[in-house]
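input.cif follows; it contains mmCIF, C-alpha atoms.
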```cif
data_coords
loop_
_atom_site.label_atom_id
_atom_site.label_comp_id
_atom_site.auth_asym_id
_atom_site.auth_seq_id
_atom_site.Cartn_x
_atom_site.Cartn_y
_atom_site.Cartn_z
CA MET H 1 -112.07 10.22 40.87
CA GLU H 2 -112.72 6.50 41.48
CA LEU H 3 -112.91 4.12 38.55
CA THR H 4 -116.50 2.90 38.60
CA GLN H 5 -116.77 1.54 35.07
CA LYS H 6 -115.22 -1.81 34.23
CA ALA H 7 -114.88 -2.49 30.53
CA ILE H 8 -114.36 -5.40 28.19
CA LEU H 9 -112.63 -4.29 24.95
CA VAL H 10 -113.75 -6.07 21.79
CA GLY H 11 -112.04 -5.76 18.41
CA VAL H 12 -112.28 -7.46 15.05
CA ASN H 13 -109.22 -7.79 12.85
CA PHE H 14 -110.64 -7.55 9.34
CA ASN H 15 -108.45 -9.17 6.67
CA GLN H 16 -105.29 -9.15 8.77
CA GLN H 17 -104.90 -5.41 9.35
CA GLN H 18 -101.27 -4.60 10.18
CA ASP H 19 -102.14 -1.90 12.68
CA PHE H 20 -104.76 -3.95 14.54
CA ALA H 21 -102.71 -4.66 17.69
CA TYR H 22 -101.79 -0.99 18.01
CA SER H 23 -105.37 0.18 17.50
CA MET H 24 -106.49 -2.12 20.36
CA GLU H 25 -103.72 -0.68 22.55
CA GLU H 26 -104.91 2.78 21.65
CA LEU H 27 -108.52 1.82 22.49
CA ALA H 28 -107.31 0.91 26.00
CA ASN H 29 -105.61 4.32 26.27
CA LEU H 30 -108.81 6.05 25.11
CA ALA H 31 -110.78 4.13 27.76
CA ALA H 32 -108.25 5.14 30.44
CA ALA H 33 -108.63 8.77 29.33
CA CYS H 34 -112.37 8.39 30.10
CA GLU H 35 -111.62 7.03 33.59
CA VAL H 36 -112.75 3.55 32.54
CA GLU H 37 -110.92 0.47 33.89
CA VAL H 38 -110.16 -2.13 31.23
CA VAL H 39 -110.54 -5.61 32.79
CA ALA H 40 -110.36 -7.86 29.69
CA ARG H 41 -109.95 -7.89 25.92
CA LEU H 42 -111.44 -10.12 23.26
CA THR H 43 -110.46 -10.17 19.59
CA GLN H 44 -111.61 -12.03 16.51
CA ASN H 45 -110.32 -12.43 12.95
CA LEU H 46 -113.00 -11.99 10.29
CA ASN H 47 -113.10 -11.28 6.56
CA ARG H 48 -116.11 -8.98 6.87
CA VAL H 49 -118.33 -7.33 9.45
CA ASN H 50 -121.23 -9.29 10.87
CA PRO H 51 -124.04 -6.82 10.02
CA SER H 52 -126.22 -7.80 12.99
CA HIS H 53 -123.67 -7.94 15.83
CA TYR H 54 -120.28 -6.74 14.40
CA ILE H 55 -118.64 -9.85 15.93
CA GLY H 56 -119.58 -13.43 15.07
CA THR H 57 -122.61 -14.55 17.10
CA GLY H 58 -120.58 -17.37 18.65
CA LYS H 59 -118.33 -14.78 20.29
CA ILE H 60 -121.30 -13.27 22.15
CA GLN H 61 -121.12 -16.16 24.65
CA ASP H 62 -117.41 -15.44 25.21
CA VAL H 63 -118.16 -11.79 25.93
CA LEU H 64 -120.96 -12.78 28.34
CA ALA H 65 -118.54 -15.08 30.19
CA LEU H 66 -116.01 -12.24 30.52
CA ILE H 67 -118.70 -9.85 31.77
CA GLU H 68 -119.65 -12.35 34.47
CA GLN H 69 -116.05 -13.24 35.37
CA TYR H 70 -114.89 -9.62 35.78
CA GLU H 71 -118.22 -8.05 36.82
CA ALA H 72 -117.88 -5.69 33.88
CA ASN H 73 -120.62 -3.14 33.21
CA VAL H 74 -119.62 -1.80 29.77
CA VAL H 75 -118.38 -3.36 26.52
CA ILE H 76 -116.34 -1.12 24.21
CA PHE H 77 -115.98 -1.98 20.52
CA ASN H 78 -112.99 -0.88 18.46
CA ASP H 79 -114.99 0.38 15.45
CA GLU H 80 -118.05 2.56 14.96
CA LEU H 81 -121.18 0.44 15.40
CA SER H 82 -124.43 0.89 13.51
CA PRO H 83 -127.61 1.70 15.48
CA SER H 84 -128.95 -1.86 14.96
CA GLN H 85 -125.65 -3.44 16.08
CA ILE H 86 -125.74 -1.46 19.34
CA ARG H 87 -129.38 -2.45 19.86
CA ASN H 88 -128.75 -6.16 19.21
CA LEU H 89 -125.59 -6.27 21.33
CA GLU H 90 -127.22 -4.53 24.30
CA ALA H 91 -130.17 -6.92 24.11
CA ASP H 92 -127.89 -10.00 24.08
CA LEU H 93 -125.22 -8.78 26.51
CA GLU H 94 -127.64 -7.01 28.87
CA CYS H 95 -125.12 -4.25 29.52
CA LYS H 96 -124.05 -0.89 28.15
CA VAL H 97 -122.37 -1.08 24.71
CA ILE H 98 -120.33 1.80 23.29
CA ASP H 99 -117.94 2.15 20.37
CA ARG H 100 -114.62 3.84 19.67
CA THR H 101 -116.37 6.89 18.20
CA ILE H 102 -118.40 7.73 21.32
CA LEU H 103 -115.30 7.19 23.45
CA ILE H 104 -113.37 9.80 21.43
CA LEU H 105 -116.36 12.17 21.46
CA ASP H 106 -116.53 11.87 25.27
CA ILE H 107 -112.84 12.77 25.60
CA PHE H 108 -113.28 15.75 23.29
CA ALA H 109 -116.31 16.91 25.32
CA GLU H 110 -114.26 16.69 28.52
CA ARG H 111 -111.23 18.53 27.10
CA ALA H 112 -112.93 21.31 25.09
CA LYS H 113 -112.33 24.64 26.82
CA THR H 114 -113.10 27.42 24.34
CA LYS H 115 -116.59 28.24 23.11
CA GLU H 116 -115.73 27.17 19.56
CA ALA H 117 -114.33 23.78 20.56
CA GLN H 118 -117.35 23.12 22.82
CA LEU H 119 -119.77 23.95 20.01
CA GLN H 120 -117.83 21.76 17.55
CA VAL H 121 -117.86 18.78 19.93
CA GLU H 122 -121.58 19.15 20.68
CA VAL H 123 -122.42 19.22 16.94
CA ALA H 124 -120.37 16.02 16.43
CA GLN H 125 -122.06 14.30 19.40
CA LEU H 126 -125.56 15.20 18.21
CA GLN H 127 -124.83 14.08 14.64
CA TYR H 128 -123.61 10.76 16.03
CA MET H 129 -126.76 10.37 18.17
CA LEU H 130 -129.30 11.28 15.51
CA PRO H 131 -129.41 7.98 13.55
CA ARG H 132 -129.12 6.03 16.81
CA LEU H 133 -132.47 7.26 18.16
CA ILE H 134 -134.33 4.84 15.90
CA GLY H 135 -135.49 1.76 17.72
CA LEU H 136 -134.33 2.96 21.15
CA ARG H 137 -137.92 3.47 22.26
CA GLU H 138 -139.82 0.72 20.47
CA SER H 139 -142.50 0.80 23.19
CA LEU H 140 -143.58 4.28 22.12
CA GLY H 141 -145.35 2.86 19.07
CA ARG H 142 -145.30 3.86 15.45
CA GLN H 143 -146.12 7.31 14.16
CA SER H 144 -149.34 7.71 12.17
CA GLY H 145 -149.91 10.32 9.51
CA GLY H 146 -147.51 11.32 6.81
CA VAL H 147 -145.62 14.51 6.12
CA GLY H 148 -147.93 17.49 5.63
CA THR H 149 -151.10 15.77 6.92
CA THR H 150 -153.30 17.55 9.42
CA ASN H 151 -153.19 14.77 12.02
CA ARG H 152 -149.39 14.63 12.13
CA GLY H 153 -149.27 15.84 15.74
CA LEU H 154 -151.72 13.16 16.92
CA GLY H 155 -149.45 10.24 16.19
CA GLU H 156 -146.15 11.95 16.82
CA THR H 157 -143.93 10.00 19.20
CA LYS H 158 -141.43 11.19 21.79
CA LEU H 159 -138.80 9.82 19.39
CA GLU H 160 -139.82 12.21 16.64
CA LEU H 161 -139.89 15.11 19.10
CA ASP H 162 -136.37 14.21 20.18
CA ARG H 163 -135.28 13.97 16.55
CA ARG H 164 -136.71 17.40 15.79
CA LYS H 165 -135.13 18.90 18.93
CA ILE H 166 -131.75 17.47 18.00
CA GLU H 167 -131.98 18.73 14.41
CA GLU H 168 -133.01 22.20 15.65
CA ARG H 169 -130.13 22.19 18.14
CA ILE H 170 -127.61 21.18 15.42
CA SER H 171 -128.93 23.98 13.21
CA ALA H 172 -128.62 26.56 16.04
CA LEU H 173 -125.09 25.41 16.92
CA ASN H 174 -124.00 25.58 13.28
CA LYS H 175 -125.26 29.17 13.07
CA GLU H 176 -123.18 30.09 16.15
CA LEU H 177 -120.17 28.34 14.64
CA GLU H 178 -120.57 30.20 11.36
CA THR H 179 -120.13 33.49 13.24
CA LEU H 180 -116.95 32.24 14.92
CA VAL H 181 -115.64 30.84 11.62
CA ALA H 182 -116.25 34.23 9.94
CA GLN H 183 -114.27 35.94 12.75
CA ARG H 184 -111.43 33.45 12.32
CA GLN H 185 -111.36 34.05 8.55
CA THR H 186 -111.24 37.83 9.10
CA GLN H 187 -108.30 37.38 11.48
CA ARG H 188 -106.52 35.16 8.93
CA TRP H 189 -107.11 37.74 6.20
CA GLN H 190 -105.67 40.51 8.40
CA ARG H 191 -102.59 38.40 9.19
CA LYS H 192 -102.08 37.65 5.50
CA LYS H 193 -102.37 41.35 4.70
CA LYS H 194 -99.58 42.11 7.18
CA GLY H 195 -97.40 39.53 5.45
CA ILE H 196 -96.65 37.59 8.66
CA PRO H 197 -95.83 33.94 7.82
CA VAL H 198 -97.92 31.27 9.57
CA VAL H 199 -96.43 27.98 10.72
CA SER H 200 -98.82 25.26 11.90
CA LEU H 201 -98.04 22.31 14.17
CA VAL H 202 -99.79 19.08 13.14
CA GLY H 203 -99.42 15.48 14.21
CA TYR H 204 -100.76 12.54 16.14
CA THR H 205 -102.24 13.17 19.57
CA ASN H 206 -99.65 13.29 22.38
CA ALA H 207 -96.69 13.64 19.98
CA GLY H 208 -95.58 16.84 21.76
CA LYS H 209 -96.99 19.71 19.67
CA SER H 210 -97.83 21.87 22.71
CA THR H 211 -94.43 21.16 24.29
CA ILE H 212 -92.72 22.32 21.08
CA MET H 213 -94.87 25.46 21.04
CA ASN H 214 -93.95 26.24 24.67
CA ALA H 215 -90.24 25.63 24.00
CA MET H 216 -90.37 28.08 21.06
CA VAL H 217 -92.31 30.67 23.09
CA SER H 218 -89.72 30.43 25.91
CA LEU H 219 -86.84 30.79 23.45
CA SER H 220 -88.50 33.77 21.76
CA ASN H 221 -89.40 35.50 25.04
CA PRO H 222 -88.08 33.88 28.26
CA SER H 223 -90.36 36.04 30.44
CA ALA H 224 -93.57 35.11 28.54
CA ASP H 225 -94.78 32.38 30.92
CA HIS H 226 -98.36 33.63 30.53
CA LYS H 227 -98.18 32.75 26.83
CA ARG H 228 -97.43 29.08 27.43
CA VAL H 229 -100.14 26.64 26.36
CA PHE H 230 -101.47 23.67 28.33
CA GLU H 231 -99.36 20.56 27.91
CA LYS H 232 -99.77 17.16 29.48
CA ASP H 233 -98.77 13.58 28.68
CA MET H 234 -102.27 12.45 27.71
CA LEU H 235 -104.43 11.94 24.64
CA PHE H 236 -106.05 15.10 23.25
CA ALA H 237 -104.61 17.50 25.84
CA THR H 238 -105.11 20.29 23.27
CA LEU H 239 -108.37 20.79 21.37
CA ASP H 240 -108.34 24.56 21.17
CA THR H 241 -106.26 26.27 18.51
CA SER H 242 -103.57 28.45 20.07
CA ILE H 243 -101.68 31.12 18.11
CA ARG H 244 -98.41 32.60 19.35
CA ASN H 245 -96.07 35.16 17.83
CA ILE H 246 -92.49 33.88 17.69
CA SER H 247 -89.96 36.72 17.43
CA LEU H 248 -86.43 36.05 16.22
CA PRO H 249 -83.30 38.07 17.06
CA ASP H 250 -83.09 39.68 13.59
CA ASN H 251 -86.60 41.22 13.92
CA LYS H 252 -88.16 38.52 11.82
CA SER H 253 -91.25 36.87 13.29
CA PHE H 254 -93.84 34.25 12.46
CA LEU H 255 -97.11 33.02 13.92
CA LEU H 256 -97.13 29.50 15.32
CA THR H 257 -100.48 27.69 15.55
CA ASP H 258 -101.21 24.50 17.46
CA THR H 259 -103.99 22.22 16.18
CA VAL H 260 -105.98 19.29 17.57
CA GLY H 261 -104.06 16.01 17.45
CA PHE H 262 -105.12 13.13 15.24
CA VAL H 263 -105.84 9.50 16.11
CA SER H 264 -106.58 6.42 14.04
CA LYS H 265 -110.25 6.08 13.07
CA LEU H 266 -110.90 9.71 14.02
CA PRO H 267 -114.72 9.96 13.77
CA HIS H 268 -115.81 11.66 10.55
CA HIS H 269 -118.38 13.73 12.49
CA LEU H 270 -115.49 15.14 14.49
CA VAL H 271 -113.29 15.84 11.47
CA LYS H 272 -116.24 17.64 9.87
CA ALA H 273 -117.04 19.61 13.05
CA PHE H 274 -113.40 20.67 13.55
CA ARG H 275 -112.86 21.48 9.87
CA SER H 276 -112.87 25.26 10.50
CA THR H 277 -110.22 24.90 13.23
CA LEU H 278 -108.10 22.64 11.05
CA GLU H 279 -108.28 25.17 8.23
CA GLU H 280 -105.66 27.14 10.20
CA ALA H 281 -103.27 24.45 8.98
CA ALA H 282 -104.66 24.55 5.42
CA GLU H 283 -103.74 28.24 5.07
CA ALA H 284 -100.34 27.99 6.75
CA ASN H 285 -97.12 28.78 4.88
CA LEU H 286 -95.47 25.76 6.48
CA LEU H 287 -96.51 22.68 8.47
CA ILE H 288 -94.39 21.17 11.23
CA HIS H 289 -95.41 17.51 11.39
CA VAL H 290 -94.55 16.51 14.97
CA VAL H 291 -93.71 12.82 15.39
CA ASP H 292 -93.28 10.84 18.63
CA TYR H 293 -90.04 9.17 17.56
CA SER H 294 -90.00 7.00 20.70
CA ASN H 295 -93.24 5.27 19.65
CA PRO H 296 -92.38 1.98 17.90
CA HIS H 297 -95.35 2.57 15.56
CA TYR H 298 -94.28 6.12 14.61
CA GLU H 299 -94.25 5.45 10.84
CA GLN H 300 -97.84 4.24 11.01
CA LEU H 301 -98.85 7.35 12.98
CA ILE H 302 -97.17 9.59 10.37
CA GLN H 303 -99.33 7.93 7.71
CA ILE H 304 -102.55 8.34 9.75
CA THR H 305 -101.77 12.07 10.14
CA LYS H 306 -101.07 12.41 6.41
CA ASP H 307 -104.33 10.59 5.56
CA THR H 308 -106.35 12.81 7.93
CA LEU H 309 -104.79 15.98 6.47
CA LYS H 310 -105.63 14.72 2.98
CA GLU H 311 -109.22 14.05 4.07
CA ILE H 312 -109.64 17.72 5.01
CA GLY H 313 -107.97 18.92 1.83
CA ILE H 314 -104.48 19.74 3.15
CA GLU H 315 -102.03 18.25 0.66
CA ASP H 316 -99.77 20.85 -0.88
CA VAL H 317 -98.45 22.79 2.13
CA PRO H 318 -94.62 22.54 2.51
CA THR H 319 -93.83 20.31 5.50
CA ILE H 320 -90.91 19.70 7.83
CA TYR H 321 -90.78 16.82 10.30
CA ALA H 322 -89.94 17.27 13.97
CA TYR H 323 -88.95 13.88 15.41
CA ASN H 324 -89.69 14.60 19.06
CA LYS H 325 -88.74 12.53 22.15
CA ALA H 326 -85.56 11.50 20.29
CA ASP H 327 -83.72 11.69 23.63
CA LEU H 328 -85.41 8.35 24.47
CA MET H 329 -83.74 6.71 21.47
CA GLU H 330 -80.11 5.76 21.00
CA ILE H 331 -79.19 8.63 18.69
CA GLU H 332 -77.23 11.82 19.12
CA ILE H 333 -79.37 14.93 19.23
CA PRO H 334 -79.94 17.58 18.05
CA ARG H 335 -79.67 16.52 14.44
CA ALA H 336 -81.06 18.42 11.47
CA GLU H 337 -81.09 17.26 7.87
CA ALA H 338 -83.05 18.47 4.80
CA ASP H 339 -86.68 18.57 5.93
CA ARG H 340 -86.35 16.92 9.36
CA VAL H 341 -84.92 17.55 12.80
CA TYR H 342 -84.45 15.12 15.70
CA LEU H 343 -85.08 16.84 19.03
CA SER H 344 -86.36 16.72 22.59
CA ALA H 345 -88.91 19.48 23.16
CA ARG H 346 -89.21 18.73 26.88
CA ASN H 347 -85.47 19.30 27.32
CA SER H 348 -85.39 22.16 24.78
CA VAL H 349 -82.76 20.33 22.75
CA GLY H 350 -82.99 20.91 19.00
CA ILE H 351 -85.42 23.84 19.14
CA GLN H 352 -82.82 26.23 17.65
CA GLU H 353 -82.24 23.75 14.83
CA LEU H 354 -86.00 23.50 14.22
CA ILE H 355 -86.27 27.30 14.07
CA GLY H 356 -83.34 27.27 11.61
CA LEU H 357 -85.29 24.94 9.29
CA ILE H 358 -88.42 27.08 9.65
CA ARG H 359 -86.41 30.19 8.84
CA ASP H 360 -85.02 28.59 5.65
CA HIS H 361 -88.56 27.78 4.47
CA ILE H 362 -90.57 30.89 5.29
CA PHE H 363 -88.31 33.90 5.00
CA ASP H 364 -87.68 33.69 1.28
CA ASN H 365 -89.85 36.81 0.91
CA TYR H 366 -87.18 39.01 2.54
CA ILE H 367 -85.11 41.18 0.20
CA GLN H 368 -81.84 42.94 0.93
CA CYS H 369 -81.79 46.57 -0.19
CA GLN H 370 -80.64 50.10 0.64
CA MET H 371 -83.03 52.94 1.41
CA LEU H 372 -82.42 56.64 1.91
CA ILE H 373 -84.96 57.93 4.43
CA PRO H 374 -85.39 61.75 4.72
CA TYR H 375 -84.64 63.13 8.18
CA ASP H 376 -88.26 64.27 8.62
CA GLN H 377 -89.39 60.59 8.34
CA GLY H 378 -87.92 59.50 11.69
CA SER H 379 -90.91 57.26 12.46
CA LEU H 380 -90.02 55.17 9.40
CA ILE H 381 -86.52 54.55 10.79
CA SER H 382 -88.15 53.30 14.02
CA TYR H 383 -90.50 51.09 11.99
CA PHE H 384 -87.61 49.40 10.13
CA ASN H 385 -85.60 48.98 13.32
CA GLU H 386 -88.54 47.05 14.75
CA ASN H 387 -89.83 45.21 11.66
CA ALA H 388 -86.78 44.57 9.49
CA HIS H 389 -83.21 43.40 9.91
CA VAL H 390 -81.11 46.58 9.71
CA LEU H 391 -77.55 45.61 8.74
CA ALA H 392 -76.02 49.14 8.62
CA THR H 393 -77.06 52.74 9.31
CA ASP H 394 -75.25 55.69 7.70
CA TYR H 395 -76.07 59.39 8.04
CA GLU H 396 -75.85 61.29 4.77
CA PRO H 397 -76.64 64.92 3.85
CA ASN H 398 -80.10 64.04 2.47
CA GLY H 399 -81.14 61.55 5.13
CA THR H 400 -80.42 58.24 6.83
CA LYS H 401 -79.15 55.43 4.61
CA LEU H 402 -80.28 51.98 5.79
CA THR H 403 -78.85 48.72 4.50
CA LEU H 404 -81.50 46.21 5.47
CA GLU H 405 -83.39 42.99 4.89
CA CYS H 406 -87.12 43.66 4.72
CA LYS H 407 -90.35 41.99 3.60
CA THR H 408 -91.34 42.35 -0.04
CA VAL H 409 -94.59 44.07 1.08
CA ASP H 410 -92.52 46.77 2.83
CA LEU H 411 -90.19 47.04 -0.16
CA ASP H 412 -93.17 47.69 -2.43
CA LYS H 413 -94.77 50.10 0.02
CA TYR H 414 -91.64 52.25 0.48
CA GLN H 415 -90.23 51.84 -3.05
CA LYS H 416 -89.72 55.62 -3.41
CA TYR H 417 -86.94 55.51 -0.76
CA VAL H 418 -85.08 52.54 -2.33
CA ILE H 419 -81.69 53.51 -3.79
CA GLN H 420 -80.27 50.01 -4.36
CA GLN H 421 -81.84 46.60 -4.61
#
```
Structure translated into structure tokens:
Amino acid sequence: MELTQKAILVGVNFNQQQDFAYSMEELANLAAACEVEVVARLTQNLNRVNPSHYIGTGKIQDVLALIEQYEANVVIFNDELSPSQIRNLEADLECKVIDRTILILDIFAERAKTKEAQLQVEVAQLQYMLPRLIGLRESLGRQSGGVGTTNRGLGETKLELDRRKIEERISALNKELETLVAQRQTQRWQRKKKGIPVVSLVGYTNAGKSTIMNAMVSLSNPSADHKRVFEKDMLFATLDTSIRNISLPDNKSFLLTDTVGFVSKLPHHLVKAFRSTLEEAAEANLLIHVVDYSNPHYEQLIQITKDTLKEIGIEDVPTIYAYNKADLMEIEIPRAEADRVYLSARNSVGIQELIGLIRDHIFDNYIQCQMLIPYDQGSLISYFNENAHVLATDYEPNGTKLTLECKTVDLDKYQKYVIQQ
């Protein structure tokens, strides 16, 4: 696809923000993800936002000069603009003006594949548009008649019709989402009932969460190519929550979930719309915070992820850190220590060490015991061979004696067969 849009990026550094340079770099990456060619950048230091134009009015002339010089047809601002700011800027610049929020929403709309993700993105887009309808069609005139009056329809403008259509659409989409959320909650409840631990991958976009998931799937089942998830070196490659069962050699298993990646200034409409998907992480037994260790700003990105998790109410879930892409740094890998592991998911180096850390955190509900299973309960022997770690099997006059490690739920369920604990 040819690049037809040429953009000027505009950013304001309010009160000397430390991460300003990186957020402008990221804005360029977001534009590239939307097939937009960045031809120039303009920045300004300010203490506060200019309420009418976001940038100082003197800078408008500089932007106009850049538009003319590079034949640009869109100006992209690094923060969310108010409806009046967009209106004033478009009037003065005589070209399309968009902000960081709409850029991210466009990428999400492009990448969403499942029904749930598509509904979530559409809700976020419509909620963003709603306040921005005002003033877009000034020529349509003002509405006459107040709420509840009989002549309301006579003075109703196209703008109000659009507003009502959008509100109705948001309401319909939310109803559809509620059904999907209820299904997801039922599935979570069933998993919890079975006592299968859930591990959730979280982190900044493009840190390598999907690559880690695929490396674990391959290690767990080398022939399970069909269970691999989409991975690509680009922003927001994954929007749809994937869940995979990771089986370990000692018959222990856990569910691994992959969540949408985060980004600085993630639009609040989007966080709200994706809340139900992100709740997978809220109910996990363990989080794996995936970090792109090769990114010079990785500490900043860790903090953004932590802040976003806090915003959606995820604060007290035990967390281990996977410092991915460590092969690009001058350190020896794999390396595991306390709650972190340095690895290269693409090269499958350090995945065993990561699984070792996961194992230490989530399998504390396994208990070693001995059971004497009557010979007429052969199916139970098969069950434990598949769902527990059988350490020894002895045949005695009254039945089969198993020395095993099993889940506490199974221990409680089959307590009558336990002879030693």
Under the PyMOL selection byres ((chain H and resi 294) around 10), which residues of this model are included? Write them out as a list in words.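 Answer for the PyMOL selection byres ((chain H and resi 294) around 10): Ala207, Val291, Asp292, Tyr293, Asn295, Pro296, His297, Tyr298, Tyr323, Asn324, Lys325, Ala326, Asp327, Leu328, Met329 and Glu330 of chain H.
For the residues H:Gln377, H:Ser218, H:Thr241, H:Thr257, ranking by smallest atom-to-atom distance to Leu287 (chain H) using all atoms listed in the file places H:Thr257 first.
By only C-alpha atoms, and with residues fewer than 6 positions from Tyr414 (chain H) along its chain excluded, the set lying at most 10 Å from it is Met371, Ile373, Leu380 and Thr408 of chain H.
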Could those selected residues go to a file with C-alpha atoms, as a CSV table (one decimal), in the coordinates of the input?
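Output saved as part.csv:
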```
chain,number,residue,atom,x,y,z
H,371,MET,CA,-83.0,52.9,1.4
H,373,ILE,CA,-85.0,57.9,4.4
H,380,LEU,CA,-90.0,55.2,9.4
H,408,THR,CA,-91.3,42.4,0.0
```
Please measure the separation of CA of Arg100 (chain H) and CA of Glu178 (chain H), giving the value in Å to one decimal.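 CA of Arg100 (chain H) sits 28.3 Å away from CA of Glu178 (chain H).
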Once the PyMOL selection byres ((chain H and resi 103) around 9) is applied to the coordinates I shared, what remains selected? I want it as number ranges by chain. H: 27, 30-31, 34, 76, 98-102, 104-108
From the list H:Leu286, H:Leu391, H:Lys165, H:Ala65, the nearest residue to Leu126 (chain H) using only C-alpha atoms is H:Lys165
Spell out the residues picked by the PyMOL selection byres ((chain H and resi 88-92) around 9) here, as a PDB file with C-alpha atoms, keeping the file's coordinate frame.
```pdb
ATOM      1  CA  SER H  52    -126.220  -7.800  12.990  1.00  0.00           C
ATOM      2  CA  HIS H  53    -123.670  -7.940  15.830  1.00  0.00           C
ATOM      3  CA  TYR H  54    -120.280  -6.740  14.400  1.00  0.00           C
ATOM      4  CA  ILE H  60    -121.300 -13.270  22.150  1.00  0.00           C
ATOM      5  CA  LEU H  64    -120.960 -12.780  28.340  1.00  0.00           C
ATOM      6  CA  PRO H  83    -127.610   1.700  15.480  1.00  0.00           C
ATOM      7  CA  SER H  84    -128.950  -1.860  14.960  1.00  0.00           C
ATOM      8  CA  GLN H  85    -125.650  -3.440  16.080  1.00  0.00           C
ATOM      9  CA  ILE H  86    -125.740  -1.460  19.340  1.00  0.00           C
ATOM     10  CA  ARG H  87    -129.380  -2.450  19.860  1.00  0.00           C
ATOM     11  CA  LEU H  93    -125.220  -8.780  26.510  1.00  0.00           C
ATOM     12  CA  GLU H  94    -127.640  -7.010  28.870  1.00  0.00           C
ATOM     13  CA  CYS H  95    -125.120  -4.250  29.520  1.00  0.00           C
ATOM     14  CA  LYS H  96    -124.050  -0.890  28.150  1.00  0.00           C
ATOM     15  CA  VAL H  97    -122.370  -1.080  24.710  1.00  0.00           C
TER      16      VAL H  97
END
```
Residue with smallest distance to Gln125 (chain H) - pool H:Glu332, H:Glu167, H:Asp339, H:Glu280, counting all atoms listed in the file: H:Glu167
